[in-house]
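Dumped data29.txt below, it's compact mmCIF, C-alpha atoms (C1' of nucleotides):
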```txt
# COMPACT_ATOMS: atom_id res chain seq x y z
CA MET A 863 0.00 0.00 0.00
CA LYS A 864 1.21 3.44 -0.90
CA ALA A 865 -0.17 6.74 0.23
CA LYS A 866 -3.36 6.57 2.26
CA LEU A 867 -4.44 10.02 1.20
CA LYS A 868 -8.21 9.99 0.78
CA TYR A 869 -10.10 12.50 -1.23
CA PHE A 870 -13.11 13.04 -3.39
CA ILE A 871 -13.80 15.06 -6.48
CA GLU A 872 -16.59 17.54 -7.03
CA VAL A 873 -17.67 18.58 -10.49
CA LYS A 874 -20.81 20.59 -11.12
CA GLY A 875 -22.44 19.45 -7.91
CA GLU A 876 -21.69 15.75 -8.40
CA TYR A 877 -19.26 13.84 -6.21
CA TYR A 878 -16.85 11.08 -7.18
CA ASN A 879 -14.47 8.82 -5.29
CA CYS A 880 -11.84 8.70 -8.01
CA PRO A 881 -11.13 10.06 -11.48
CA ILE A 882 -12.04 6.72 -13.04
CA GLU A 883 -15.53 6.92 -11.61
CA LEU A 884 -15.74 10.49 -12.87
CA THR A 885 -14.78 9.61 -16.42
CA LEU A 886 -17.07 6.59 -16.50
CA SER A 887 -19.98 8.71 -15.34
CA MET A 888 -19.44 10.97 -18.33
CA ILE A 889 -19.58 8.20 -20.92
CA SER A 890 -21.94 5.82 -19.16
CA GLY A 891 -25.53 5.49 -20.10
CA LYS A 892 -26.82 2.77 -22.29
CA TRP A 893 -26.44 4.58 -25.61
CA LYS A 894 -23.67 7.14 -25.12
CA GLY A 895 -20.97 4.81 -26.37
CA ILE A 896 -22.58 4.10 -29.69
CA ILE A 897 -23.72 7.71 -30.13
CA LEU A 898 -20.15 8.91 -29.61
CA TRP A 899 -18.97 6.25 -32.02
CA HIS A 900 -21.22 7.55 -34.79
CA LEU A 901 -20.31 11.17 -34.10
CA ILE A 902 -16.64 10.26 -34.25
CA GLY A 903 -17.10 8.80 -37.71
CA ASN A 904 -19.36 11.45 -39.16
CA ASP A 905 -18.44 15.03 -38.22
CA THR A 906 -22.07 16.15 -37.99
CA LEU A 907 -25.24 14.09 -37.82
CA ARG A 908 -28.90 15.01 -37.76
CA PHE A 909 -31.22 13.66 -35.10
CA ASN A 910 -32.84 11.66 -37.81
CA GLU A 911 -29.58 10.14 -39.00
CA LEU A 912 -28.64 9.05 -35.50
CA GLU A 913 -32.03 7.38 -35.18
CA LYS A 914 -31.44 5.41 -38.35
CA ALA A 915 -27.89 4.57 -37.36
CA ILE A 916 -29.10 3.17 -34.03
CA PRO A 917 -32.31 1.37 -34.95
CA SER A 918 -33.11 0.01 -31.50
CA ILE A 919 -32.96 3.34 -29.66
CA SER A 920 -36.18 5.21 -28.88
CA GLN A 921 -36.70 8.89 -29.56
CA ARG A 922 -36.95 9.55 -25.86
CA MET A 923 -33.62 7.95 -25.06
CA LEU A 924 -31.85 9.52 -28.01
CA THR A 925 -33.03 12.97 -26.92
CA LYS A 926 -32.16 12.25 -23.31
CA GLU A 927 -28.65 11.00 -23.97
CA LEU A 928 -27.92 13.84 -26.38
CA ARG A 929 -29.07 16.40 -23.81
CA GLU A 930 -26.77 14.93 -21.18
CA MET A 931 -23.81 14.85 -23.53
CA GLU A 932 -24.52 18.46 -24.43
CA LYS A 933 -24.64 19.34 -20.73
CA HIS A 934 -21.31 17.56 -20.24
CA GLY A 935 -19.92 19.69 -23.03
CA PHE A 936 -19.17 16.74 -25.28
CA ILE A 937 -21.31 17.79 -28.23
CA TYR A 938 -22.68 20.84 -29.98
CA ARG A 939 -26.30 21.19 -30.97
CA LYS A 940 -27.05 23.39 -33.93
CA VAL A 941 -30.65 24.20 -34.67
CA TYR A 942 -31.72 25.46 -38.11
CA PRO A 943 -34.87 27.55 -37.61
CA GLN A 944 -36.89 26.17 -40.47
CA VAL A 945 -39.86 23.93 -41.16
CA PRO A 946 -39.52 21.03 -40.95
CA PRO A 947 -36.89 21.43 -38.24
CA LYS A 948 -33.28 20.47 -38.76
CA VAL A 949 -30.85 19.85 -35.92
CA GLU A 950 -27.25 18.85 -36.28
CA TYR A 951 -25.02 17.32 -33.65
CA SER A 952 -21.24 17.32 -33.62
CA LEU A 953 -18.37 16.67 -31.24
CA SER A 954 -16.82 19.52 -29.27
CA ASP A 955 -13.11 19.68 -28.42
CA LEU A 956 -13.86 18.03 -25.09
CA GLY A 957 -15.81 15.33 -26.91
CA ARG A 958 -12.93 14.78 -29.28
CA SER A 959 -10.59 14.38 -26.33
CA VAL A 960 -12.29 11.12 -25.40
CA ILE A 961 -11.93 9.60 -28.87
CA PRO A 962 -8.84 7.57 -27.89
CA ILE A 963 -10.72 6.17 -24.91
CA ILE A 964 -13.77 5.28 -26.98
CA LYS A 965 -11.55 3.61 -29.56
CA SER A 966 -9.77 1.49 -26.99
CA LEU A 967 -13.11 0.53 -25.44
CA SER A 968 -14.29 -0.48 -28.87
CA GLU A 969 -11.19 -2.48 -29.68
CA TRP A 970 -11.15 -4.28 -26.35
CA GLY A 971 -14.83 -5.11 -26.72
CA SER A 972 -14.37 -6.39 -30.25
CA ASN A 973 -11.56 -8.70 -29.21
CA TYR A 974 -13.51 -9.93 -26.23
CA ALA A 975 -16.61 -10.53 -28.35
CA GLN A 976 -14.63 -12.55 -30.87
CA ASN A 977 -13.09 -14.72 -28.18
CA CYS A 978 -15.95 -15.10 -25.75
CA GLY A 979 -19.13 -14.08 -27.55
CA LYS A 980 -21.18 -14.31 -30.70
CA ILE A 981 -22.05 -11.66 -33.24
CA TYR A 982 -25.46 -11.70 -34.87
CA ILE A 983 -26.32 -9.80 -38.01
CA LYS A 984 -29.71 -8.12 -38.30
CA GLU A 985 -31.40 -7.92 -41.68
CA MET B 551 -22.35 7.30 -43.43
CA LYS B 552 -20.49 4.11 -44.05
CA ALA B 553 -21.81 0.57 -43.93
CA LYS B 554 -25.35 0.21 -42.59
CA LEU B 555 -24.66 -3.29 -41.36
CA LYS B 556 -26.57 -3.79 -38.13
CA TYR B 557 -25.71 -6.40 -35.58
CA PHE B 558 -25.67 -7.19 -31.93
CA ILE B 559 -23.31 -9.07 -29.68
CA GLU B 560 -24.15 -11.88 -27.30
CA VAL B 561 -21.83 -12.80 -24.44
CA LYS B 562 -22.88 -15.19 -21.70
CA GLY B 563 -26.58 -14.53 -22.19
CA GLU B 564 -26.27 -10.73 -22.28
CA TYR B 565 -26.88 -8.66 -25.39
CA TYR B 566 -25.09 -5.52 -26.53
CA ASN B 567 -25.55 -3.08 -29.38
CA CYS B 568 -21.87 -2.39 -29.86
CA PRO B 569 -18.47 -3.37 -28.47
CA ILE B 570 -18.24 -0.08 -26.56
CA GLU B 571 -21.39 -0.91 -24.64
CA LEU B 572 -19.99 -4.37 -24.00
CA THR B 573 -16.73 -3.09 -22.56
CA LEU B 574 -18.44 -0.45 -20.48
CA SER B 575 -20.76 -3.04 -18.99
CA MET B 576 -17.72 -4.98 -17.80
CA ILE B 577 -16.13 -2.07 -15.95
CA SER B 578 -19.27 -0.18 -14.94
CA GLY B 579 -20.66 -0.32 -11.46
CA LYS B 580 -20.08 2.38 -8.93
CA TRP B 581 -16.91 0.85 -7.39
CA LYS B 582 -15.31 -1.29 -10.10
CA GLY B 583 -13.08 1.45 -11.35
CA ILE B 584 -11.46 2.19 -8.03
CA ILE B 585 -11.25 -1.50 -7.11
CA LEU B 586 -9.42 -2.20 -10.35
CA TRP B 587 -7.19 0.78 -9.68
CA HIS B 588 -6.10 -0.61 -6.33
CA LEU B 589 -5.58 -4.10 -7.72
CA ILE B 590 -3.47 -2.66 -10.51
CA GLY B 591 -1.18 -1.02 -7.99
CA ASN B 592 -0.94 -3.85 -5.50
CA ASP B 593 -0.64 -7.29 -7.06
CA THR B 594 -2.76 -8.95 -4.37
CA LEU B 595 -5.03 -7.40 -1.77
CA ARG B 596 -7.07 -8.87 1.04
CA PHE B 597 -10.75 -8.08 1.42
CA ASN B 598 -9.82 -6.16 4.48
CA GLU B 599 -7.21 -4.07 2.70
CA LEU B 600 -9.63 -3.14 -0.05
CA GLU B 601 -12.09 -2.01 2.57
CA LYS B 602 -9.52 0.28 4.13
CA ALA B 603 -8.36 1.56 0.77
CA ILE B 604 -11.93 2.49 -0.14
CA PRO B 605 -13.34 3.88 3.09
CA SER B 606 -16.76 4.83 1.78
CA ILE B 607 -17.65 1.44 0.32
CA SER B 608 -19.89 -0.92 2.29
CA GLN B 609 -19.08 -4.57 2.82
CA ARG B 610 -22.08 -5.58 0.81
CA MET B 611 -21.04 -3.55 -2.22
CA LEU B 612 -17.43 -4.62 -1.99
CA THR B 613 -18.46 -8.27 -1.97
CA LYS B 614 -20.95 -7.71 -4.75
CA GLU B 615 -18.56 -5.93 -7.07
CA LEU B 616 -15.80 -8.43 -6.42
CA ARG B 617 -18.15 -11.31 -7.23
CA GLU B 618 -19.13 -9.73 -10.51
CA MET B 619 -15.54 -9.05 -11.47
CA GLU B 620 -14.71 -12.64 -10.63
CA LYS B 621 -17.60 -13.80 -12.81
CA HIS B 622 -16.32 -11.61 -15.64
CA GLY B 623 -12.96 -13.31 -15.25
CA PHE B 624 -11.16 -10.10 -14.28
CA ILE B 625 -9.89 -11.20 -10.90
CA TYR B 626 -8.84 -14.31 -9.00
CA ARG B 627 -10.11 -15.07 -5.51
CA LYS B 628 -7.83 -17.15 -3.34
CA VAL B 629 -9.21 -18.42 -0.04
CA TYR B 630 -6.89 -19.53 2.73
CA PRO B 631 -8.80 -22.11 4.80
CA GLN B 632 -7.90 -20.81 8.22
CA VAL B 633 -9.42 -19.04 11.19
CA PRO B 634 -9.83 -16.15 11.03
CA PRO B 635 -10.40 -16.35 7.27
CA LYS B 636 -8.03 -14.80 4.76
CA VAL B 637 -9.00 -14.05 1.17
CA GLU B 638 -6.75 -12.52 -1.43
CA TYR B 639 -7.80 -10.88 -4.67
CA SER B 640 -5.60 -10.35 -7.71
CA LEU B 641 -5.93 -9.46 -11.37
CA SER B 642 -6.21 -12.21 -14.00
CA ASP B 643 -4.70 -11.90 -17.47
CA LEU B 644 -8.04 -10.63 -18.73
CA GLY B 645 -8.11 -8.13 -15.89
CA ARG B 646 -4.61 -7.00 -16.75
CA SER B 647 -5.68 -6.49 -20.36
CA VAL B 648 -7.87 -3.56 -19.30
CA ILE B 649 -5.11 -1.77 -17.43
CA PRO B 650 -4.39 0.62 -20.33
CA ILE B 651 -8.06 1.51 -20.49
CA ILE B 652 -8.31 2.11 -16.76
CA LYS B 653 -5.20 4.26 -16.87
CA SER B 654 -6.52 6.41 -19.68
CA LEU B 655 -9.85 6.76 -17.86
CA SER B 656 -7.93 7.84 -14.79
CA GLU B 657 -5.77 10.33 -16.66
CA TRP B 658 -8.66 11.86 -18.53
CA GLY B 659 -10.65 12.17 -15.30
CA SER B 660 -7.74 13.76 -13.47
CA ASN B 661 -7.27 16.36 -16.15
CA TYR B 662 -10.95 17.10 -16.29
CA ALA B 663 -11.16 17.40 -12.51
CA GLN B 664 -8.29 19.83 -12.44
CA ASN B 665 -9.83 22.02 -15.11
CA CYS B 666 -13.50 21.80 -14.24
CA GLY B 667 -13.78 20.46 -10.70
CA LYS B 668 -12.50 20.61 -7.18
CA ILE B 669 -10.59 18.06 -5.16
CA TYR B 670 -11.28 17.74 -1.47
CA ILE B 671 -8.98 15.96 0.96
CA LYS B 672 -10.47 13.84 3.72
CA GLU B 673 -8.74 13.66 7.06
C1' DC C 663 -12.10 -11.72 8.93
C1' DC C 664 -15.11 -12.18 5.45
C1' DG C 665 -18.85 -12.43 4.28
C1' DC C 666 -24.58 -13.39 3.34
C1' DA C 667 -29.70 -12.10 3.97
C1' DT C 668 -33.28 -8.55 4.05
C1' DC C 669 -35.43 -4.61 3.25
C1' DC C 670 -35.95 -0.34 1.01
C1' DT C 671 -35.27 3.71 -2.12
C1' DC C 672 -34.10 5.99 -6.11
C1' DC C 673 -32.85 6.16 -10.80
C1' DT C 674 -32.40 4.31 -15.45
C1' DG C 675 -34.52 3.17 -19.27
C1' DG C 676 -38.61 1.17 -21.93
C1' DA C 677 -43.55 1.88 -24.00
C1' DT C 678 -46.76 4.85 -25.63
C1' DA C 679 -49.06 8.99 -27.02
C1' DC C 680 -49.00 13.78 -28.35
C1' DT C 681 -47.01 18.47 -30.72
C1' DG C 682 -44.84 22.92 -33.08
C1' DC D 741 -38.44 16.39 -38.34
C1' DA D 742 -37.38 16.60 -33.87
C1' DG D 743 -38.76 16.52 -30.20
C1' DT D 744 -42.21 16.50 -25.02
C1' DA D 745 -45.10 14.28 -21.56
C1' DT D 746 -46.57 10.35 -18.76
C1' DC D 747 -46.50 6.14 -16.83
C1' DC D 748 -44.24 2.09 -15.32
C1' DA D 749 -40.96 -1.97 -14.34
C1' DG D 750 -36.56 -3.54 -12.98
C1' DG D 751 -32.27 -3.17 -11.09
C1' DA D 752 -28.45 -0.70 -8.71
C1' DG D 753 -27.02 0.42 -4.61
C1' DG D 754 -27.56 1.94 0.54
C1' DA D 755 -28.61 0.51 5.64
C1' DT D 756 -28.79 -2.82 8.89
C1' DG D 757 -28.38 -7.22 11.18
C1' DC D 758 -26.65 -12.05 11.56
C1' DG D 759 -23.18 -15.97 11.02
C1' DG D 760 -19.08 -19.42 10.39
```

If you convert what's in this file into structure tokens, what do you get?
Amino acid sequence: MKAKLKYFIEVKGEYYNCPIELTLSMISGKWKGIILWHLIGNDTLRFNELEKAIPSISQRMLTKELREMEKHGFIYRKVYPQVPPKVEYSLSDLGRSVIPIIKSLSEWGSNYAQNCGKIYIKE
Amino acid sequence: MKAKLKYFIEVKGEYYNCPIELTLSMISGKWKGIILWHLIGNDTLRFNELEKAIPSISQRMLTKELREMEKHGFIYRKVYPQVPPKVEYSLSDLGRSVIPIIKSLSEWGSNYAQNCGKIYIKE
DNA sequence: CCGCATCCTCCTGGATACTG
DNA sequence: CAGTATCCAGGAGGATGCGG
């Protein structure tokens, strides 16, 4: 055992026991991983396009997760005031700073899935 | 947009929409991050030592998280049949394979905390 | 020392319906 | 097209007490 210094972290009114917990809380949520993944690969995406890219997500959850990511400062939301509405989402600098993490999560998961799981294709 | 190939992953009866979600599910849980962190730095740790290293965790949660990580194959649990009991936990090869991820989570979180949060020391 | 068993609360996320 | 609003079920996680 090294130092026994105990501390906690406070960010925007939330409390964390360690930086790992903090980071995980920012990218956790059932759909944030895959949403980030699509935004990494696509520069900007409309609400509609994200829905199509993630067929099993509901409108409610897509909205909810996007709002949280916006609050975290991970993404920008650009609204075009027109009818029908058009809204574009894109990564901020902070969002881009987690790309390496998301990629390593993705790679680790892919390896693990190939060794210990099964992959099913949907038609 | 690239390929529109849709799929899902099945591992041990659980289903995931993408490898990122899969990986996150393995390391998510309020205390797994900090438990892994301590096991990374200490080779083997007794139940007791983990409790002291993570003052705010309850016995129930420590047991619960350790059981899940054992089920995931991340850690070994070695029981010494003696009175009073002695149990040692250590990382498996699979557990060690996530060290780079945990470290990058930790680094990102530390940076973020320093820029956007506050760190409080407990006595 | 290292747990397990109960009970309880809150939060996440799903289903469904409605709107500017 | 891009959302709200409501309702609801299940599970995560906390508090407490007992046991080999």

Per residue of chain D within 9 Å of chain B, which atom pair is closest and at what distance in Å (one decimal), using all atoms listed in the file, listed by chain and increasing number, as JSON lines?
```
{"residue": "D:DA752", "atom": "C1'", "partner": "B:Gly579", "partner_atom": "CA", "distance": 8.3}
{"residue": "D:DG753", "atom": "C1'", "partner": "B:Met611", "partner_atom": "CA", "distance": 7.6}
{"residue": "D:DG754", "atom": "C1'", "partner": "B:Ser608", "partner_atom": "CA", "distance": 8.4}
```

Take the residues that were just selected and, keeping C-alpha atoms (C1' of nucleotides), output them as a short mmCIF file (atom, residue, chain, number, x, y, z; two decimals), in the frame of the given file.
```
data_model
loop_
_atom_site.label_atom_id
_atom_site.label_comp_id
_atom_site.auth_asym_id
_atom_site.auth_seq_id
_atom_site.Cartn_x
_atom_site.Cartn_y
_atom_site.Cartn_z
"C1'" DA D 752 -28.45 -0.70 -8.71
"C1'" DG D 753 -27.02 0.42 -4.61
"C1'" DG D 754 -27.56 1.94 0.54
#
```

12 Å contact set for D:DT756, only C-alpha atoms (C1' of nucleotides), chain neighbours under 6 positions out, as a PDB file with C-alpha atoms (C1' of nucleotides), in the coordinates of the input:
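See around-v2.pdb below for the written result:
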```pdb
ATOM      1  CA  SER B 608     -19.890  -0.920   2.290  1.00  0.00           C
ATOM      2  CA  GLN B 609     -19.080  -4.570   2.820  1.00  0.00           C
ATOM      3  CA  ARG B 610     -22.080  -5.580   0.810  1.00  0.00           C
TER       4      ARG B 610
ATOM      5  C1'  DA C 667     -29.700 -12.100   3.970  1.00  0.00           C
ATOM      6  C1'  DT C 668     -33.280  -8.550   4.050  1.00  0.00           C
ATOM      7  C1'  DC C 669     -35.430  -4.610   3.250  1.00  0.00           C
ATOM      8  C1'  DC C 670     -35.950  -0.340   1.010  1.00  0.00           C
TER       9       DC C 670
END
```

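Residue-level contact on chain C: within 12 Å of chain A, counting only C-alpha atoms (C1' of nucleotides), the set is DC673, DT674, DG675, DG676, DA677, DT678 and DG682 of chain C.
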
Next item on the list: Give the residues of chain B that lie within 8 Å of chain A; count only C-alpha atoms, and format the answer as a VMD selection string.
Entry: chain B and resid 551 554 to 562 567 to 574 578 580 to 581 583 to 584 592 603 648 651 to 652 654 to 660 663 666 to 673

Item checked: Interatomic distance (Å, one decimal) between atom CA of B:Gln632 and atom CA of B:Arg646 ->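 Rounded to one decimal, the two atoms are 28.7 Å apart.
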
Notebook entry, point to check: Hey, can you check how far atom CA of B:Phe597 sits from atom CA of B:Glu638?
Noted result: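 It comes out at 6.6 Å.
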
Check: Please, what distance in Å, to one decimal, runs between atom C1' of D:DG760 and atom CA of B:Arg617?
Finding: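 So the two atoms, atom C1' of D:DG760 and atom CA of B:Arg617, lie 19.4 Å apart.
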
First collect every listed atom of stretch 615-625 of chain B; then fit an axis-aligned box around them, widen it by 8 Å on each side, and give centre and edge lengths in Å to one decimal, as lines of an AutoDock Vina configuration file.
```
center_x = -14.5
center_y = -9.9
center_z = -11.0
size_x = 25.2
size_y = 23.9
size_z = 25.2
```

Checklist line | Option closest in space to B:Asp643, from B:Asn598, B:Leu616, B:Tyr630, B:Ile590 [counting all atoms listed in the file] | finding: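 The closest residue to B:Asp643 is B:Ile590.
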
Notebook entry, point to check: Nearest to D:DA742 among A:Val949, A:Leu912, A:Ile897, A:Lys926, with distances taken over all atoms listed in the file: which residue is it?
Noted result: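 Selected residue with least distance to D:DA742: A:Val949.
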
Kindly add N, CA, C and O atoms to the incomplete stretch 613-639 of chain B and provide the output as a PDB file, keeping the file's coordinate frame.
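File written: out_18.pdb
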```pdb
ATOM      1  N   THR B 613     -18.252  -6.867  -1.613  1.00  0.00           N
ATOM      2  CA  THR B 613     -18.460  -8.270  -1.970  1.00  0.00           C
ATOM      3  C   THR B 613     -19.126  -8.403  -3.334  1.00  0.00           C
ATOM      4  O   THR B 613     -18.695  -9.188  -4.182  1.00  0.00           O
ATOM      5  N   LYS B 614     -20.167  -7.613  -3.529  1.00  0.00           N
ATOM      6  CA  LYS B 614     -20.950  -7.710  -4.750  1.00  0.00           C
ATOM      7  C   LYS B 614     -20.107  -7.400  -5.985  1.00  0.00           C
ATOM      8  O   LYS B 614     -20.118  -8.148  -6.973  1.00  0.00           O
ATOM      9  N   GLU B 615     -19.375  -6.314  -5.929  1.00  0.00           N
ATOM     10  CA  GLU B 615     -18.560  -5.930  -7.070  1.00  0.00           C
ATOM     11  C   GLU B 615     -17.456  -6.957  -7.328  1.00  0.00           C
ATOM     12  O   GLU B 615     -17.168  -7.316  -8.466  1.00  0.00           O
ATOM     13  N   LEU B 616     -16.848  -7.435  -6.250  1.00  0.00           N
ATOM     14  CA  LEU B 616     -15.800  -8.430  -6.420  1.00  0.00           C
ATOM     15  C   LEU B 616     -16.349  -9.707  -7.058  1.00  0.00           C
ATOM     16  O   LEU B 616     -15.711 -10.295  -7.935  1.00  0.00           O
ATOM     17  N   ARG B 617     -17.544 -10.124  -6.646  1.00  0.00           N
ATOM     18  CA  ARG B 617     -18.150 -11.310  -7.230  1.00  0.00           C
ATOM     19  C   ARG B 617     -18.391 -11.152  -8.728  1.00  0.00           C
ATOM     20  O   ARG B 617     -18.164 -12.052  -9.521  1.00  0.00           O
ATOM     21  N   GLU B 618     -18.865  -9.977  -9.094  1.00  0.00           N
ATOM     22  CA  GLU B 618     -19.130  -9.730 -10.510  1.00  0.00           C
ATOM     23  C   GLU B 618     -17.833  -9.734 -11.324  1.00  0.00           C
ATOM     24  O   GLU B 618     -17.763 -10.286 -12.419  1.00  0.00           O
ATOM     25  N   MET B 619     -16.810  -9.107 -10.747  1.00  0.00           N
ATOM     26  CA  MET B 619     -15.540  -9.050 -11.470  1.00  0.00           C
ATOM     27  C   MET B 619     -14.929 -10.442 -11.580  1.00  0.00           C
ATOM     28  O   MET B 619     -14.266 -10.772 -12.570  1.00  0.00           O
ATOM     29  N   GLU B 620     -15.174 -11.259 -10.579  1.00  0.00           N
ATOM     30  CA  GLU B 620     -14.710 -12.640 -10.630  1.00  0.00           C
ATOM     31  C   GLU B 620     -15.464 -13.399 -11.721  1.00  0.00           C
ATOM     32  O   GLU B 620     -14.870 -14.135 -12.513  1.00  0.00           O
ATOM     33  N   LYS B 621     -16.765 -13.161 -11.792  1.00  0.00           N
ATOM     34  CA  LYS B 621     -17.600 -13.800 -12.810  1.00  0.00           C
ATOM     35  C   LYS B 621     -17.162 -13.368 -14.212  1.00  0.00           C
ATOM     36  O   LYS B 621     -17.148 -14.168 -15.149  1.00  0.00           O
ATOM     37  N   HIS B 622     -16.807 -12.117 -14.361  1.00  0.00           N
ATOM     38  CA  HIS B 622     -16.320 -11.610 -15.640  1.00  0.00           C
ATOM     39  C   HIS B 622     -14.943 -12.165 -15.975  1.00  0.00           C
ATOM     40  O   HIS B 622     -14.453 -11.984 -17.077  1.00  0.00           O
ATOM     41  N   GLY B 623     -14.296 -12.777 -15.003  1.00  0.00           N
ATOM     42  CA  GLY B 623     -12.960 -13.310 -15.250  1.00  0.00           C
ATOM     43  C   GLY B 623     -11.861 -12.280 -15.103  1.00  0.00           C
ATOM     44  O   GLY B 623     -10.756 -12.472 -15.591  1.00  0.00           O
ATOM     45  N   PHE B 624     -12.159 -11.162 -14.434  1.00  0.00           N
ATOM     46  CA  PHE B 624     -11.160 -10.100 -14.280  1.00  0.00           C
ATOM     47  C   PHE B 624     -10.214 -10.347 -13.114  1.00  0.00           C
ATOM     48  O   PHE B 624      -9.079  -9.891 -13.131  1.00  0.00           O
ATOM     49  N   ILE B 625     -10.714 -11.027 -12.091  1.00  0.00           N
ATOM     50  CA  ILE B 625      -9.890 -11.200 -10.900  1.00  0.00           C
ATOM     51  C   ILE B 625      -9.915 -12.655 -10.428  1.00  0.00           C
ATOM     52  O   ILE B 625     -10.833 -13.421 -10.724  1.00  0.00           O
ATOM     53  N   TYR B 626      -8.881 -13.034  -9.695  1.00  0.00           N
ATOM     54  CA  TYR B 626      -8.840 -14.310  -9.000  1.00  0.00           C
ATOM     55  C   TYR B 626      -9.194 -14.083  -7.544  1.00  0.00           C
ATOM     56  O   TYR B 626      -8.897 -13.039  -6.972  1.00  0.00           O
ATOM     57  N   ARG B 627      -9.771 -15.115  -6.930  1.00  0.00           N
ATOM     58  CA  ARG B 627     -10.110 -15.070  -5.510  1.00  0.00           C
ATOM     59  C   ARG B 627      -9.472 -16.288  -4.857  1.00  0.00           C
ATOM     60  O   ARG B 627      -9.814 -17.430  -5.188  1.00  0.00           O
ATOM     61  N   LYS B 628      -8.528 -16.048  -3.992  1.00  0.00           N
ATOM     62  CA  LYS B 628      -7.830 -17.150  -3.340  1.00  0.00           C
ATOM     63  C   LYS B 628      -8.183 -17.174  -1.852  1.00  0.00           C
ATOM     64  O   LYS B 628      -7.917 -16.223  -1.121  1.00  0.00           O
ATOM     65  N   VAL B 629      -8.772 -18.284  -1.431  1.00  0.00           N
ATOM     66  CA  VAL B 629      -9.210 -18.420  -0.040  1.00  0.00           C
ATOM     67  C   VAL B 629      -8.222 -19.269   0.736  1.00  0.00           C
ATOM     68  O   VAL B 629      -7.886 -20.379   0.313  1.00  0.00           O
ATOM     69  N   TYR B 630      -7.729 -18.749   1.843  1.00  0.00           N
ATOM     70  CA  TYR B 630      -6.890 -19.530   2.730  1.00  0.00           C
ATOM     71  C   TYR B 630      -7.771 -20.131   3.823  1.00  0.00           C
ATOM     72  O   TYR B 630      -8.333 -19.389   4.624  1.00  0.00           O
ATOM     73  N   PRO B 631      -7.892 -21.467   3.851  1.00  0.00           N
ATOM     74  CA  PRO B 631      -8.800 -22.110   4.800  1.00  0.00           C
ATOM     75  C   PRO B 631      -8.216 -22.070   6.208  1.00  0.00           C
ATOM     76  O   PRO B 631      -7.554 -23.011   6.641  1.00  0.00           O
ATOM     77  N   GLN B 632      -8.453 -20.990   6.889  1.00  0.00           N
ATOM     78  CA  GLN B 632      -7.900 -20.810   8.220  1.00  0.00           C
ATOM     79  C   GLN B 632      -8.841 -19.942   9.030  1.00  0.00           C
ATOM     80  O   GLN B 632      -9.756 -19.335   8.491  1.00  0.00           O
ATOM     81  N   VAL B 633      -8.605 -19.892  10.340  1.00  0.00           N
ATOM     82  CA  VAL B 633      -9.420 -19.040  11.190  1.00  0.00           C
ATOM     83  C   VAL B 633      -8.521 -18.062  11.930  1.00  0.00           C
ATOM     84  O   VAL B 633      -7.562 -18.492  12.583  1.00  0.00           O
ATOM     85  N   PRO B 634      -8.774 -16.756  11.845  1.00  0.00           N
ATOM     86  CA  PRO B 634      -9.830 -16.150  11.030  1.00  0.00           C
ATOM     87  C   PRO B 634      -9.531 -16.257   9.538  1.00  0.00           C
ATOM     88  O   PRO B 634      -8.356 -16.380   9.167  1.00  0.00           O
ATOM     89  N   PRO B 635     -10.560 -16.164   8.709  1.00  0.00           N
ATOM     90  CA  PRO B 635     -10.400 -16.350   7.270  1.00  0.00           C
ATOM     91  C   PRO B 635      -9.449 -15.337   6.644  1.00  0.00           C
ATOM     92  O   PRO B 635      -9.233 -14.258   7.186  1.00  0.00           O
ATOM     93  N   LYS B 636      -8.868 -15.732   5.529  1.00  0.00           N
ATOM     94  CA  LYS B 636      -8.030 -14.800   4.760  1.00  0.00           C
ATOM     95  C   LYS B 636      -8.332 -15.024   3.296  1.00  0.00           C
ATOM     96  O   LYS B 636      -8.274 -16.158   2.818  1.00  0.00           O
ATOM     97  N   VAL B 637      -8.677 -13.959   2.596  1.00  0.00           N
ATOM     98  CA  VAL B 637      -9.000 -14.050   1.170  1.00  0.00           C
ATOM     99  C   VAL B 637      -8.199 -13.001   0.423  1.00  0.00           C
ATOM    100  O   VAL B 637      -8.180 -11.835   0.816  1.00  0.00           O
ATOM    101  N   GLU B 638      -7.549 -13.449  -0.631  1.00  0.00           N
ATOM    102  CA  GLU B 638      -6.750 -12.520  -1.430  1.00  0.00           C
ATOM    103  C   GLU B 638      -7.302 -12.380  -2.839  1.00  0.00           C
ATOM    104  O   GLU B 638      -7.661 -13.381  -3.462  1.00  0.00           O
ATOM    105  N   TYR B 639      -7.329 -11.158  -3.320  1.00  0.00           N
ATOM    106  CA  TYR B 639      -7.800 -10.880  -4.670  1.00  0.00           C
ATOM    107  C   TYR B 639      -6.638 -10.375  -5.527  1.00  0.00           C
ATOM    108  O   TYR B 639      -5.799  -9.615  -5.059  1.00  0.00           O
TER     109      TYR B 639
END
```
